[in-house]
$ cat data_13.cif   # mmCIF, C-alpha atoms
data_final
#
loop_
_atom_site.label_atom_id
_atom_site.label_comp_id
_atom_site.auth_asym_id
_atom_site.auth_seq_id
_atom_site.Cartn_x
_atom_site.Cartn_y
_atom_site.Cartn_z
CA MET A 39 -36.60 44.14 149.39
CA LYS A 40 -38.45 40.98 150.33
CA ALA A 41 -42.23 40.93 150.40
CA TYR A 42 -45.00 38.37 150.35
CA GLU A 43 -47.54 38.46 147.54
CA ILE A 44 -50.83 36.68 147.09
CA GLN A 45 -50.56 35.86 143.43
CA SER A 46 -53.92 34.16 143.06
CA ASN A 47 -56.87 33.28 145.29
CA THR A 48 -55.95 29.64 145.88
CA GLY A 49 -55.41 29.65 149.64
CA ILE A 50 -52.38 29.89 151.88
CA ASP A 51 -50.20 28.25 149.22
CA ALA A 52 -50.80 31.36 147.10
CA LEU A 53 -48.44 33.28 149.40
CA LYS A 54 -45.13 33.79 147.61
CA LEU A 55 -41.97 35.43 148.92
CA VAL A 56 -40.78 37.77 146.17
CA ASP A 57 -38.27 40.53 145.50
CA ARG A 58 -39.63 44.00 144.91
CA PRO A 59 -37.85 47.33 144.51
CA GLU A 60 -37.57 49.21 147.79
CA PRO A 61 -40.24 51.93 147.68
CA LYS A 62 -39.40 55.63 147.92
CA PRO A 63 -41.57 58.17 149.74
CA ALA A 64 -43.15 60.90 147.63
CA ALA A 65 -44.42 64.22 149.00
CA GLY A 66 -46.49 63.65 152.14
CA GLN A 67 -45.40 60.02 152.46
CA VAL A 68 -43.18 58.11 154.89
CA LEU A 69 -41.00 55.04 154.37
CA ILE A 70 -41.40 52.48 157.15
CA LYS A 71 -39.04 49.63 157.91
CA VAL A 72 -41.60 47.07 159.03
CA ARG A 73 -40.60 45.20 162.17
CA ALA A 74 -43.71 43.10 162.83
CA THR A 75 -47.16 42.30 161.45
CA SER A 76 -50.15 40.42 162.83
CA LEU A 77 -52.96 38.27 161.49
CA ASN A 78 -56.72 38.78 161.58
CA TYR A 79 -59.55 36.56 160.38
CA ARG A 80 -60.08 38.95 157.52
CA ASP A 81 -56.58 38.04 156.26
CA LEU A 82 -57.67 34.42 155.87
CA LEU A 83 -60.64 35.56 153.80
CA VAL A 84 -58.33 37.59 151.58
CA VAL A 85 -55.83 34.80 150.95
CA GLU A 86 -58.63 32.31 150.30
CA GLY A 87 -60.38 34.58 147.82
CA ALA A 88 -63.45 35.05 150.01
CA TYR A 89 -63.16 38.78 150.74
CA GLY A 90 -65.06 40.12 147.77
CA SER A 91 -64.33 41.53 144.35
CA GLY A 92 -62.33 44.54 145.57
CA VAL A 93 -59.11 42.52 145.94
CA LYS A 94 -56.72 42.70 143.00
CA TYR A 95 -53.80 40.31 142.62
CA PRO A 96 -50.85 40.29 143.06
CA LEU A 97 -51.32 41.80 146.51
CA ILE A 98 -49.09 42.28 149.55
CA PRO A 99 -51.35 41.06 152.39
CA LEU A 100 -52.01 42.05 156.02
CA SER A 101 -53.54 45.23 157.35
CA ASP A 102 -51.62 45.22 160.64
CA GLY A 103 -47.99 46.21 160.93
CA ALA A 104 -45.61 48.33 162.96
CA GLY A 105 -42.14 49.64 162.30
CA GLU A 106 -39.71 52.53 162.23
CA VAL A 107 -39.89 55.61 160.02
CA VAL A 108 -36.61 55.59 158.06
CA ALA A 109 -37.28 58.27 155.43
CA VAL A 110 -39.86 61.00 154.80
CA GLY A 111 -41.04 62.81 151.71
CA GLU A 112 -41.36 66.55 151.20
CA GLY A 113 -43.86 68.27 153.45
CA VAL A 114 -44.12 65.56 156.11
CA THR A 115 -44.81 67.07 159.53
CA ARG A 116 -46.84 64.49 161.48
CA VAL A 117 -43.94 62.10 162.05
CA LYS A 118 -40.15 62.14 161.77
CA ILE A 119 -37.33 59.72 161.05
CA GLY A 120 -36.91 57.35 163.99
CA ASP A 121 -40.54 57.42 165.10
CA ARG A 122 -42.17 54.09 165.98
CA VAL A 123 -45.45 53.85 164.11
CA ALA A 124 -48.28 51.58 163.02
CA GLY A 125 -50.37 51.94 159.89
CA ILE A 126 -54.12 52.49 160.19
CA PHE A 127 -56.44 49.90 158.62
CA PHE A 128 -58.29 52.31 156.32
CA GLN A 129 -55.63 54.72 155.12
CA ASP A 130 -58.21 57.38 154.27
CA TRP A 131 -60.44 57.08 157.36
CA ILE A 132 -59.01 59.78 159.58
CA TYR A 133 -62.17 60.84 161.45
CA GLY A 134 -65.92 60.99 161.01
CA SER A 135 -68.01 58.28 159.39
CA LEU A 136 -66.88 55.48 157.10
CA THR A 137 -67.73 56.05 153.44
CA ARG A 138 -67.54 53.97 150.29
CA GLU A 139 -64.44 55.85 149.15
CA LYS A 140 -62.68 55.40 152.48
CA MET A 141 -63.44 51.68 152.34
CA LYS A 142 -61.28 51.36 149.23
CA SER A 143 -58.16 52.28 151.22
CA ASP A 144 -57.96 49.11 153.36
CA LEU A 145 -54.41 47.82 153.72
CA GLY A 146 -53.96 44.26 152.52
CA GLY A 147 -57.29 44.29 150.69
CA GLY A 148 -58.01 47.24 148.45
CA ILE A 149 -54.32 48.26 148.46
CA ASP A 150 -51.00 46.58 149.28
CA GLY A 151 -50.53 45.75 152.94
CA MET A 152 -47.78 45.34 155.51
CA LEU A 153 -46.18 41.90 154.94
CA ALA A 154 -42.99 43.37 153.48
CA GLU A 155 -39.63 44.60 154.69
CA TYR A 156 -40.49 48.18 153.73
CA VAL A 157 -43.76 49.99 153.00
CA VAL A 158 -44.64 53.54 152.01
CA LEU A 159 -47.72 55.11 153.62
CA HIS A 160 -49.11 58.62 153.65
CA GLN A 161 -48.25 60.51 156.81
CA ASP A 162 -51.96 60.77 157.61
CA GLY A 163 -52.22 56.96 157.59
CA VAL A 164 -49.94 56.25 160.56
CA VAL A 165 -50.09 56.63 164.34
CA ILE A 166 -47.32 56.79 166.93
CA LEU A 167 -47.05 53.65 169.05
CA PRO A 168 -47.38 53.85 172.84
CA ASP A 169 -43.86 54.01 174.33
CA ARG A 170 -44.08 50.84 176.40
CA LEU A 171 -45.13 48.57 173.54
CA SER A 172 -42.72 46.51 171.46
CA TYR A 173 -43.08 46.41 167.69
CA CYS A 174 -44.71 42.98 168.00
CA GLU A 175 -47.24 44.37 170.46
CA GLY A 176 -47.80 47.47 168.36
CA ALA A 177 -48.49 45.32 165.30
CA THR A 178 -51.52 43.78 167.04
CA LEU A 179 -53.42 47.07 167.31
CA PRO A 180 -54.68 48.38 163.93
CA CYS A 181 -57.55 45.95 163.29
CA ALA A 182 -58.49 43.87 166.35
CA ALA A 183 -57.81 46.45 169.05
CA VAL A 184 -59.40 49.38 167.19
CA THR A 185 -62.43 47.21 166.39
CA ALA A 186 -62.92 46.32 170.06
CA TRP A 187 -62.43 49.94 171.11
CA HIS A 188 -64.91 51.18 168.48
CA ALA A 189 -67.50 48.63 169.65
CA LEU A 190 -67.25 49.10 173.40
CA VAL A 191 -66.04 52.66 173.85
CA THR A 192 -66.71 54.86 170.81
CA LYS A 193 -70.13 53.43 169.99
CA GLY A 194 -70.85 51.37 173.08
CA ASN A 195 -70.17 54.07 175.69
CA ILE A 196 -69.18 51.36 178.14
CA SER A 197 -69.46 52.35 181.79
CA PRO A 198 -68.61 50.85 185.18
CA ASN A 199 -70.89 47.98 186.20
CA ASP A 200 -71.93 47.21 182.62
CA ILE A 201 -71.92 43.49 181.82
CA VAL A 202 -70.23 42.51 178.56
CA LEU A 203 -70.46 39.13 176.81
CA LEU A 204 -67.40 38.22 174.74
CA LEU A 205 -67.57 35.30 172.32
CA GLY A 206 -64.33 33.36 171.98
CA THR A 207 -60.74 34.26 172.79
CA GLY A 208 -59.36 35.64 169.53
CA GLY A 209 -57.80 39.05 169.07
CA VAL A 210 -60.96 41.18 169.12
CA SER A 211 -62.49 39.38 172.09
CA ILE A 212 -59.34 39.55 174.22
CA PHE A 213 -58.82 43.25 173.51
CA ALA A 214 -62.50 43.75 174.35
CA LEU A 215 -61.92 41.93 177.65
CA GLN A 216 -59.02 44.23 178.48
CA PHE A 217 -60.96 47.37 177.53
CA ALA A 218 -63.99 46.21 179.51
CA LYS A 219 -61.89 45.74 182.63
CA ILE A 220 -60.13 49.12 182.46
CA HIS A 221 -63.61 50.68 182.28
CA GLY A 222 -64.80 48.80 185.37
CA ALA A 223 -67.21 46.50 183.53
CA ARG A 224 -68.02 42.87 184.29
CA ALA A 225 -67.02 40.41 181.55
CA ILE A 226 -68.40 36.99 180.62
CA VAL A 227 -66.23 35.00 178.19
CA THR A 228 -67.12 31.91 176.15
CA SER A 229 -64.79 29.36 174.56
CA SER A 230 -64.70 25.68 173.65
CA SER A 231 -61.40 25.28 175.53
CA ASP A 232 -61.17 25.08 179.32
CA GLU A 233 -57.49 25.99 179.07
CA LYS A 234 -58.28 29.19 177.16
CA LEU A 235 -61.06 30.01 179.62
CA ALA A 236 -58.65 29.64 182.51
CA THR A 237 -56.29 32.11 180.81
CA ALA A 238 -59.18 34.51 180.22
CA LYS A 239 -59.97 34.26 183.92
CA GLN A 240 -56.39 35.28 184.72
CA LEU A 241 -56.84 38.33 182.48
CA GLY A 242 -59.88 39.44 184.46
CA ALA A 243 -62.89 37.56 183.07
CA ASP A 244 -65.52 37.50 185.81
CA GLU A 245 -67.44 34.50 184.46
CA ILE A 246 -66.47 31.83 181.93
CA ILE A 247 -68.60 29.41 179.91
CA ASN A 248 -67.47 26.44 177.81
CA TYR A 249 -69.93 26.51 174.91
CA LYS A 250 -69.04 22.96 173.92
CA THR A 251 -70.05 21.48 177.27
CA THR A 252 -72.79 24.10 177.71
CA PRO A 253 -74.36 24.35 174.23
CA ASP A 254 -77.25 26.44 175.60
CA TRP A 255 -74.79 29.04 176.81
CA GLU A 256 -77.27 31.87 176.32
CA LYS A 257 -79.35 30.37 179.15
CA GLN A 258 -76.27 30.27 181.36
CA VAL A 259 -75.59 33.94 180.56
CA TYR A 260 -79.19 34.74 181.46
CA ALA A 261 -78.82 32.94 184.79
CA LEU A 262 -75.52 34.69 185.55
CA THR A 263 -77.20 38.07 185.10
CA ASN A 264 -80.15 37.43 187.41
CA ARG A 265 -82.39 36.71 184.43
CA THR A 266 -81.77 40.17 182.99
CA GLY A 267 -79.20 39.67 180.23
CA VAL A 268 -75.95 41.46 179.42
CA ASP A 269 -75.65 45.09 178.46
CA HIS A 270 -73.41 44.47 175.47
CA VAL A 271 -72.44 41.50 173.28
CA VAL A 272 -69.25 41.56 171.20
CA GLU A 273 -70.56 39.23 168.49
CA VAL A 274 -67.77 37.69 166.40
CA GLY A 275 -69.51 34.43 165.49
CA GLY A 276 -72.01 35.58 162.89
CA ALA A 277 -75.02 33.58 161.77
CA GLY A 278 -74.25 30.58 163.98
CA THR A 279 -74.21 32.53 167.25
CA PHE A 280 -76.29 35.65 166.58
CA PRO A 281 -79.66 34.10 167.59
CA LYS A 282 -78.16 33.08 170.94
CA SER A 283 -76.70 36.56 171.41
CA LEU A 284 -80.18 37.98 170.88
CA GLN A 285 -81.37 35.86 173.78
CA ALA A 286 -78.39 36.71 176.02
CA VAL A 287 -78.65 40.52 175.76
CA ARG A 288 -80.93 42.55 178.05
CA ILE A 289 -83.90 44.64 176.97
CA GLY A 290 -82.49 47.85 175.54
CA GLY A 291 -79.03 46.30 175.23
CA ARG A 292 -76.51 46.43 172.42
CA ILE A 293 -74.94 43.86 170.08
CA SER A 294 -71.79 44.77 168.15
CA LEU A 295 -71.70 42.56 165.06
CA ILE A 296 -68.05 42.16 164.12
CA GLY A 297 -67.22 38.74 162.67
CA VAL A 298 -68.54 35.70 160.85
CA LEU A 299 -66.43 32.96 162.42
CA SER A 300 -69.36 30.54 162.56
CA GLY A 301 -70.46 31.26 159.01
CA ARG A 302 -72.75 33.46 156.97
CA GLY A 303 -76.27 33.07 155.67
CA SER A 304 -78.97 31.47 157.81
CA GLU A 305 -82.33 33.03 158.55
CA ILE A 306 -82.42 35.45 161.48
CA ASP A 307 -85.67 36.12 163.32
CA PRO A 308 -85.83 39.93 163.75
CA MET A 309 -88.56 39.83 166.39
CA PRO A 310 -86.21 39.74 169.44
CA ILE A 311 -84.57 42.93 168.14
CA LEU A 312 -87.97 44.59 168.00
CA PHE A 313 -89.41 43.25 171.24
CA LYS A 314 -86.25 43.93 173.25
CA SER A 315 -85.60 47.36 171.67
CA LEU A 316 -82.03 46.31 170.85
CA ALA A 317 -79.30 48.36 169.23
CA VAL A 318 -77.48 46.16 166.70
CA GLN A 319 -74.41 47.84 165.24
CA GLY A 320 -72.04 46.66 162.57
CA ILE A 321 -68.41 47.47 163.42
CA TYR A 322 -65.83 47.64 160.64
CA VAL A 323 -62.55 48.51 162.39
CA GLY A 324 -62.35 52.30 162.99
CA SER A 325 -60.76 55.65 162.20
CA ARG A 326 -57.36 57.11 163.04
CA GLU A 327 -59.08 59.32 165.58
CA MET A 328 -60.35 56.21 167.41
CA PHE A 329 -56.91 54.58 167.16
CA GLU A 330 -55.22 57.57 168.79
CA ALA A 331 -57.80 57.76 171.60
CA MET A 332 -57.30 54.04 172.21
CA ASN A 333 -53.52 54.45 172.33
CA GLN A 334 -53.88 57.09 175.04
CA ALA A 335 -55.89 54.64 177.14
CA ILE A 336 -53.39 51.84 176.48
CA ALA A 337 -50.56 54.08 177.67
CA GLN A 338 -52.49 55.37 180.69
CA HIS A 339 -53.46 51.90 181.90
CA GLN A 340 -50.21 50.22 180.81
CA LEU A 341 -52.22 47.63 178.90
CA GLN A 342 -50.21 44.84 177.26
CA PRO A 343 -51.57 43.18 174.11
CA VAL A 344 -51.83 39.40 174.42
CA ILE A 345 -49.68 37.56 171.88
CA ASP A 346 -50.04 33.80 171.48
CA ARG A 347 -47.12 33.08 169.13
CA VAL A 348 -44.53 34.97 167.10
CA PHE A 349 -43.39 33.51 163.77
CA PRO A 350 -40.34 34.62 161.79
CA PHE A 351 -40.85 36.34 158.42
CA THR A 352 -39.71 33.23 156.56
CA LYS A 353 -42.50 31.22 158.23
CA ALA A 354 -45.43 33.40 157.17
CA ARG A 355 -47.33 30.47 155.65
CA GLU A 356 -46.95 28.54 158.89
CA ALA A 357 -48.31 31.55 160.78
CA TYR A 358 -51.39 31.59 158.52
CA SER A 359 -51.92 27.85 158.99
CA TYR A 360 -51.60 28.13 162.75
CA PHE A 361 -54.03 31.03 162.80
CA LYS A 362 -56.49 29.06 160.66
CA SER A 363 -56.38 26.17 163.15
CA ALA A 364 -57.97 28.50 165.75
CA ALA A 365 -55.57 27.18 168.38
CA HIS A 366 -54.43 30.68 169.30
CA PHE A 367 -55.40 32.83 172.27
CA GLY A 368 -55.14 36.52 171.47
CA LYS A 369 -52.92 37.51 168.55
CA VAL A 370 -50.58 35.73 166.12
CA VAL A 371 -47.60 37.84 165.02
CA ILE A 372 -45.07 37.65 162.19
CA GLN A 373 -41.77 39.31 163.12
CA ILE A 374 -39.78 40.68 160.21
CA GLU A 375 -36.50 41.73 161.81
#
$ encode --input "data_13.cif" --output "structure tokens"
Amino acid sequence: MKAYEIQSNTGIDALKLVDRPEPKPAAGQVLIKVRATSLNYRDLLVVEGAYGSGVKYPLIPLSDGAGEVVAVGEGVTRVKIGDRVAGIFFQDWIYGSLTREKMKSDLGGGIDGMLAEYVVLHQDGVVILPDRLSYCEGATLPCAAVTAWHALVTKGNISPNDIVLLLGTGGVSIFALQFAKIHGARAIVTSSSDEKLATAKQLGADEIINYKTTPDWEKQVYALTNRTGVDHVVEVGGAGTFPKSLQAVRIGGRISLIGVLSGRGSEIDPMPILFKSLAVQGIYVGSREMFEAMNQAIAQHQLQPVIDRVFPFTKAREAYSYFKSAAHFGKVVIQIE
């Protein structure tokens, strides 16, 4: 079979298309013919050697993929041949809290991922896709969608009339916008692109702010909320935006810290967290239990994942480069069939 490997940590050029033996499912495992995969910011960190010491090369990258079960090992009962499935990000995080051991089972990081024609996963590490979703749409769910769901629903307990601030228009933020709207919340979206903001508005954003033309966007958020602040910030920027998020959130509000798109480091003043009695939570994807609850909501509300572009399998490097350019709105997909 064909698969991509990261053979060293030298950037996107380290991606190599190689031949590997087609894997066979052992007891409790399923063989999946992968139909589509999708990219997350974490995948750039992995290919550029910036994801930490847990990555061992050569590695098949990408946590997110969907496909068809084409063979099962002895004792498999959760799925059957012909089922449409996606892998879960942490193969060992089924329910409960994340632990150090569960963290070692991350697809495309600690273990081989989904950018291959066939993969073998344990039956416990897959979920059934919602019927209405294509394989390309299903491939967008395991990381970005589950992360947004974990932040706003599982931990955030979002409710009608809450006000949510979403930074940017990447995969996590757009899923968060969709989840906010199906829960009756008001959403404020930021971006440096008026075109992307207009698209966010079409998806239901109640207020939009161009942070390039309005660099003090936290003040604009404050004004839009009658000088109260938002209930919840989905914080994907990191050190560069976190101080502004602290100013934009209301007293007693919540910040879900998810990404580091604007960089790491920098000194953070903890006093606003104290004075405003804020809940600041780190969100690292989620469990299979969260994924399955999210899929029920997606099916119930007929939610459609937002895909910016679909690249063929042979153009995986181009997909990475496009994703790195940050020109996308929503998700970037690599289709294998």
$ closest_residue --input "data_13.cif" --among "A:Ala286, A:Ala74, A:Ile119, A:Val323" --to "Lys193 in chain A" --atoms "all atoms listed in the file"
A:Val323
$ closest_residue --input "data_13.cif" --among "A:Val348, A:Ile98, A:Leu190, A:Ala331" --to "Gln373 in chain A" --atoms "all atoms listed in the file"
A:Val348
$ residues_around --input "data_13.cif" --residues "Asn199 in chain A" --least-positions-apart "6" --cutoff "9 Å" --atoms "only C-alpha atoms" --output "list of chain:residue names"
A:His221, A:Gly222, A:Ala223, A:Arg224
$ write_last_selection --input "data_13.cif" --atoms "C-alpha atoms" --output "short mmCIF file (atom, residue, chain, number, x, y, z; two decimals), keeping the file's coordinate frame"
data_model
loop_
_atom_site.label_atom_id
_atom_site.label_comp_id
_atom_site.auth_asym_id
_atom_site.auth_seq_id
_atom_site.Cartn_x
_atom_site.Cartn_y
_atom_site.Cartn_z
CA HIS A 221 -63.61 50.68 182.28
CA GLY A 222 -64.80 48.80 185.37
CA ALA A 223 -67.21 46.50 183.53
CA ARG A 224 -68.02 42.87 184.29
#
$ atom_distance --input "data_13.cif" --atom1 "CA of Phe351 in chain A" --atom2 "CA of Val123 in chain A"
19.0 Å
$ closest_residue --input "data_13.cif" --among "A:Gly148, A:Trp131, A:Gly120, A:Pro168" --to "His339 in chain A" --atoms "all atoms listed in the file"
A:Pro168
$ resolve_selection --input "data_13.cif" --expression "the PyMOL selection byres ((chain A and resi 340) around 12)" --output "list in words"
Pro168, Asp169, Arg170, Leu171, Gln216, Phe217, Ile220, Met332, Asn333, Gln334, Ala335, Ile336, Ala337, Gln338, His339, Leu341, Gln342 and Pro343 of chain A
$ resolve_selection --input "data_13.cif" --expression "the PyMOL selection byres ((chain A and resi 235-243) around 10)" --output "PDB file with C-alpha atoms, in the frame of the given file"
ATOM      1  CA  VAL A 202     -70.230  42.510 178.560  1.00  0.00           C
ATOM      2  CA  LEU A 203     -70.460  39.130 176.810  1.00  0.00           C
ATOM      3  CA  LEU A 204     -67.400  38.220 174.740  1.00  0.00           C
ATOM      4  CA  GLY A 206     -64.330  33.360 171.980  1.00  0.00           C
ATOM      5  CA  THR A 207     -60.740  34.260 172.790  1.00  0.00           C
ATOM      6  CA  ILE A 212     -59.340  39.550 174.220  1.00  0.00           C
ATOM      7  CA  LEU A 215     -61.920  41.930 177.650  1.00  0.00           C
ATOM      8  CA  GLN A 216     -59.020  44.230 178.480  1.00  0.00           C
ATOM      9  CA  ALA A 218     -63.990  46.210 179.510  1.00  0.00           C
ATOM     10  CA  LYS A 219     -61.890  45.740 182.630  1.00  0.00           C
ATOM     11  CA  ILE A 220     -60.130  49.120 182.460  1.00  0.00           C
ATOM     12  CA  ALA A 223     -67.210  46.500 183.530  1.00  0.00           C
ATOM     13  CA  ARG A 224     -68.020  42.870 184.290  1.00  0.00           C
ATOM     14  CA  ALA A 225     -67.020  40.410 181.550  1.00  0.00           C
ATOM     15  CA  ILE A 226     -68.400  36.990 180.620  1.00  0.00           C
ATOM     16  CA  VAL A 227     -66.230  35.000 178.190  1.00  0.00           C
ATOM     17  CA  THR A 228     -67.120  31.910 176.150  1.00  0.00           C
ATOM     18  CA  SER A 229     -64.790  29.360 174.560  1.00  0.00           C
ATOM     19  CA  SER A 230     -64.700  25.680 173.650  1.00  0.00           C
ATOM     20  CA  SER A 231     -61.400  25.280 175.530  1.00  0.00           C
ATOM     21  CA  ASP A 232     -61.170  25.080 179.320  1.00  0.00           C
ATOM     22  CA  GLU A 233     -57.490  25.990 179.070  1.00  0.00           C
ATOM     23  CA  LYS A 234     -58.280  29.190 177.160  1.00  0.00           C
ATOM     24  CA  ASP A 244     -65.520  37.500 185.810  1.00  0.00           C
ATOM     25  CA  GLU A 245     -67.440  34.500 184.460  1.00  0.00           C
ATOM     26  CA  ILE A 246     -66.470  31.830 181.930  1.00  0.00           C
ATOM     27  CA  ILE A 247     -68.600  29.410 179.910  1.00  0.00           C
ATOM     28  CA  ASN A 248     -67.470  26.440 177.810  1.00  0.00           C
ATOM     29  CA  VAL A 344     -51.830  39.400 174.420  1.00  0.00           C
ATOM     30  CA  PHE A 367     -55.400  32.830 172.270  1.00  0.00           C
ATOM     31  CA  GLY A 368     -55.140  36.520 171.470  1.00  0.00           C
TER      32      GLY A 368
END
$ resolve_selection --input "data_13.cif" --expression "the PyMOL selection byres ((chain A and resi 306) around 8)" --output "PyMOL selection string"
chain A and resi 277+280-281+304-305+307-308
$ write_last_selection --input "data_13.cif" --atoms "C-alpha atoms" --output "PDB file, keeping the file's coordinate frame"
ATOM      1  CA  ALA A 277     -75.020  33.580 161.770  1.00  0.00           C
ATOM      2  CA  PHE A 280     -76.290  35.650 166.580  1.00  0.00           C
ATOM      3  CA  PRO A 281     -79.660  34.100 167.590  1.00  0.00           C
ATOM      4  CA  SER A 304     -78.970  31.470 157.810  1.00  0.00           C
ATOM      5  CA  GLU A 305     -82.330  33.030 158.550  1.00  0.00           C
ATOM      6  CA  ASP A 307     -85.670  36.120 163.320  1.00  0.00           C
ATOM      7  CA  PRO A 308     -85.830  39.930 163.750  1.00  0.00           C
TER       8      PRO A 308
END
$ residues_around --input "data_13.cif" --residues "Gly176 in chain A" --least-positions-apart "5" --cutoff "7 Å" --atoms "only C-alpha atoms" --output "PyMOL selection string"
chain A and resi 104+124+167+171
$ closest_residue --input "data_13.cif" --among "A:Asn78, A:Thr352, A:Lys94, A:Tyr133" --to "Lys54 in chain A" --atoms "all atoms listed in the file"
A:Thr352
$ atom_distance --input "data_13.cif" --atom1 "CA of Ile126 in chain A" --atom2 "CA of Gly163 in chain A"
5.5 Å
$ closest_residue --input "data_13.cif" --among "A:Ile321, A:Cys174, A:Val108, A:Val93" --to "Asp346 in chain A" --atoms "all atoms listed in the file"
A:Cys174
$ atom_distance --input "data_13.cif" --atom1 "CA of Asp121 in chain A" --atom2 "CA of Gly151 in chain A"
19.6 Å
$ closest_residue --input "data_13.cif" --among "A:Arg73, A:Val164, A:Ala52, A:Leu262" --to "Pro350 in chain A" --atoms "all atoms listed in the file"
A:Arg73
$ residues_around --input "data_13.cif" --residues "Tyr95 in chain A" --least-positions-apart "6" --cutoff "8 Å" --atoms "only C-alpha atoms" --output "PyMOL selection string"
chain A and resi 44-46
$ write_last_selection --input "data_13.cif" --atoms "C-alpha atoms" --output "mmCIF file, keeping the file's coordinate frame"
data_model
loop_
_atom_site.group_PDB
_atom_site.id
_atom_site.type_symbol
_atom_site.label_atom_id
_atom_site.label_comp_id
_atom_site.auth_asym_id
_atom_site.auth_seq_id
_atom_site.Cartn_x
_atom_site.Cartn_y
_atom_site.Cartn_z
ATOM 1 C CA ILE A 44 -50.830 36.680 147.090
ATOM 2 C CA GLN A 45 -50.560 35.860 143.430
ATOM 3 C CA SER A 46 -53.920 34.160 143.060
#
$ build_atoms --input "data_13.cif" --residues "range 269-285 of chain A" --atoms "N, CA and C atoms" --output "PDB file, in the frame of the given file"
ATOM      1  N   ASP A 269     -75.473  43.777 179.072  1.00  0.00           N
ATOM      2  CA  ASP A 269     -75.650  45.090 178.460  1.00  0.00           C
ATOM      3  C   ASP A 269     -75.141  45.134 177.025  1.00  0.00           C
ATOM      4  N   HIS A 270     -74.090  44.352 176.762  1.00  0.00           N
ATOM      5  CA  HIS A 270     -73.410  44.470 175.470  1.00  0.00           C
ATOM      6  C   HIS A 270     -72.830  43.115 175.071  1.00  0.00           C
ATOM      7  N   VAL A 271     -73.045  42.717 173.833  1.00  0.00           N
ATOM      8  CA  VAL A 271     -72.440  41.500 173.280  1.00  0.00           C
ATOM      9  C   VAL A 271     -71.457  41.904 172.194  1.00  0.00           C
ATOM     10  N   VAL A 272     -70.221  41.421 172.289  1.00  0.00           N
ATOM     11  CA  VAL A 272     -69.250  41.560 171.200  1.00  0.00           C
ATOM     12  C   VAL A 272     -69.371  40.284 170.372  1.00  0.00           C
ATOM     13  N   GLU A 273     -70.109  40.379 169.283  1.00  0.00           N
ATOM     14  CA  GLU A 273     -70.560  39.230 168.490  1.00  0.00           C
ATOM     15  C   GLU A 273     -69.610  38.996 167.314  1.00  0.00           C
ATOM     16  N   VAL A 274     -68.731  38.001 167.459  1.00  0.00           N
ATOM     17  CA  VAL A 274     -67.770  37.690 166.400  1.00  0.00           C
ATOM     18  C   VAL A 274     -68.126  36.413 165.659  1.00  0.00           C
ATOM     19  N   GLY A 275     -69.185  35.724 166.075  1.00  0.00           N
ATOM     20  CA  GLY A 275     -69.510  34.430 165.490  1.00  0.00           C
ATOM     21  C   GLY A 275     -70.282  34.517 164.190  1.00  0.00           C
ATOM     22  N   GLY A 276     -71.203  35.468 164.098  1.00  0.00           N
ATOM     23  CA  GLY A 276     -72.010  35.580 162.890  1.00  0.00           C
ATOM     24  C   GLY A 276     -73.299  34.789 162.991  1.00  0.00           C
ATOM     25  N   ALA A 277     -73.707  34.215 161.858  1.00  0.00           N
ATOM     26  CA  ALA A 277     -75.020  33.580 161.770  1.00  0.00           C
ATOM     27  C   ALA A 277     -75.203  32.443 162.778  1.00  0.00           C
ATOM     28  N   GLY A 278     -74.123  31.726 163.094  1.00  0.00           N
ATOM     29  CA  GLY A 278     -74.250  30.580 163.980  1.00  0.00           C
ATOM     30  C   GLY A 278     -74.486  30.942 165.437  1.00  0.00           C
ATOM     31  N   THR A 279     -74.083  32.141 165.846  1.00  0.00           N
ATOM     32  CA  THR A 279     -74.210  32.530 167.250  1.00  0.00           C
ATOM     33  C   THR A 279     -75.165  33.703 167.469  1.00  0.00           C
ATOM     34  N   PHE A 280     -75.484  34.434 166.425  1.00  0.00           N
ATOM     35  CA  PHE A 280     -76.290  35.650 166.580  1.00  0.00           C
ATOM     36  C   PHE A 280     -77.643  35.401 167.256  1.00  0.00           C
ATOM     37  N   PRO A 281     -78.379  34.331 166.897  1.00  0.00           N
ATOM     38  CA  PRO A 281     -79.660  34.100 167.590  1.00  0.00           C
ATOM     39  C   PRO A 281     -79.490  33.906 169.093  1.00  0.00           C
ATOM     40  N   LYS A 282     -78.407  33.257 169.507  1.00  0.00           N
ATOM     41  CA  LYS A 282     -78.160  33.080 170.940  1.00  0.00           C
ATOM     42  C   LYS A 282     -77.793  34.412 171.600  1.00  0.00           C
ATOM     43  N   SER A 283     -77.046  35.234 170.873  1.00  0.00           N
ATOM     44  CA  SER A 283     -76.700  36.560 171.410  1.00  0.00           C
ATOM     45  C   SER A 283     -77.953  37.398 171.621  1.00  0.00           C
ATOM     46  N   LEU A 284     -78.917  37.264 170.720  1.00  0.00           N
ATOM     47  CA  LEU A 284     -80.180  37.980 170.880  1.00  0.00           C
ATOM     48  C   LEU A 284     -80.889  37.583 172.164  1.00  0.00           C
ATOM     49  N   GLN A 285     -80.743  36.326 172.550  1.00  0.00           N
ATOM     50  CA  GLN A 285     -81.370  35.860 173.780  1.00  0.00           C
ATOM     51  C   GLN A 285     -80.573  36.277 175.024  1.00  0.00           C
TER      52      GLN A 285
END
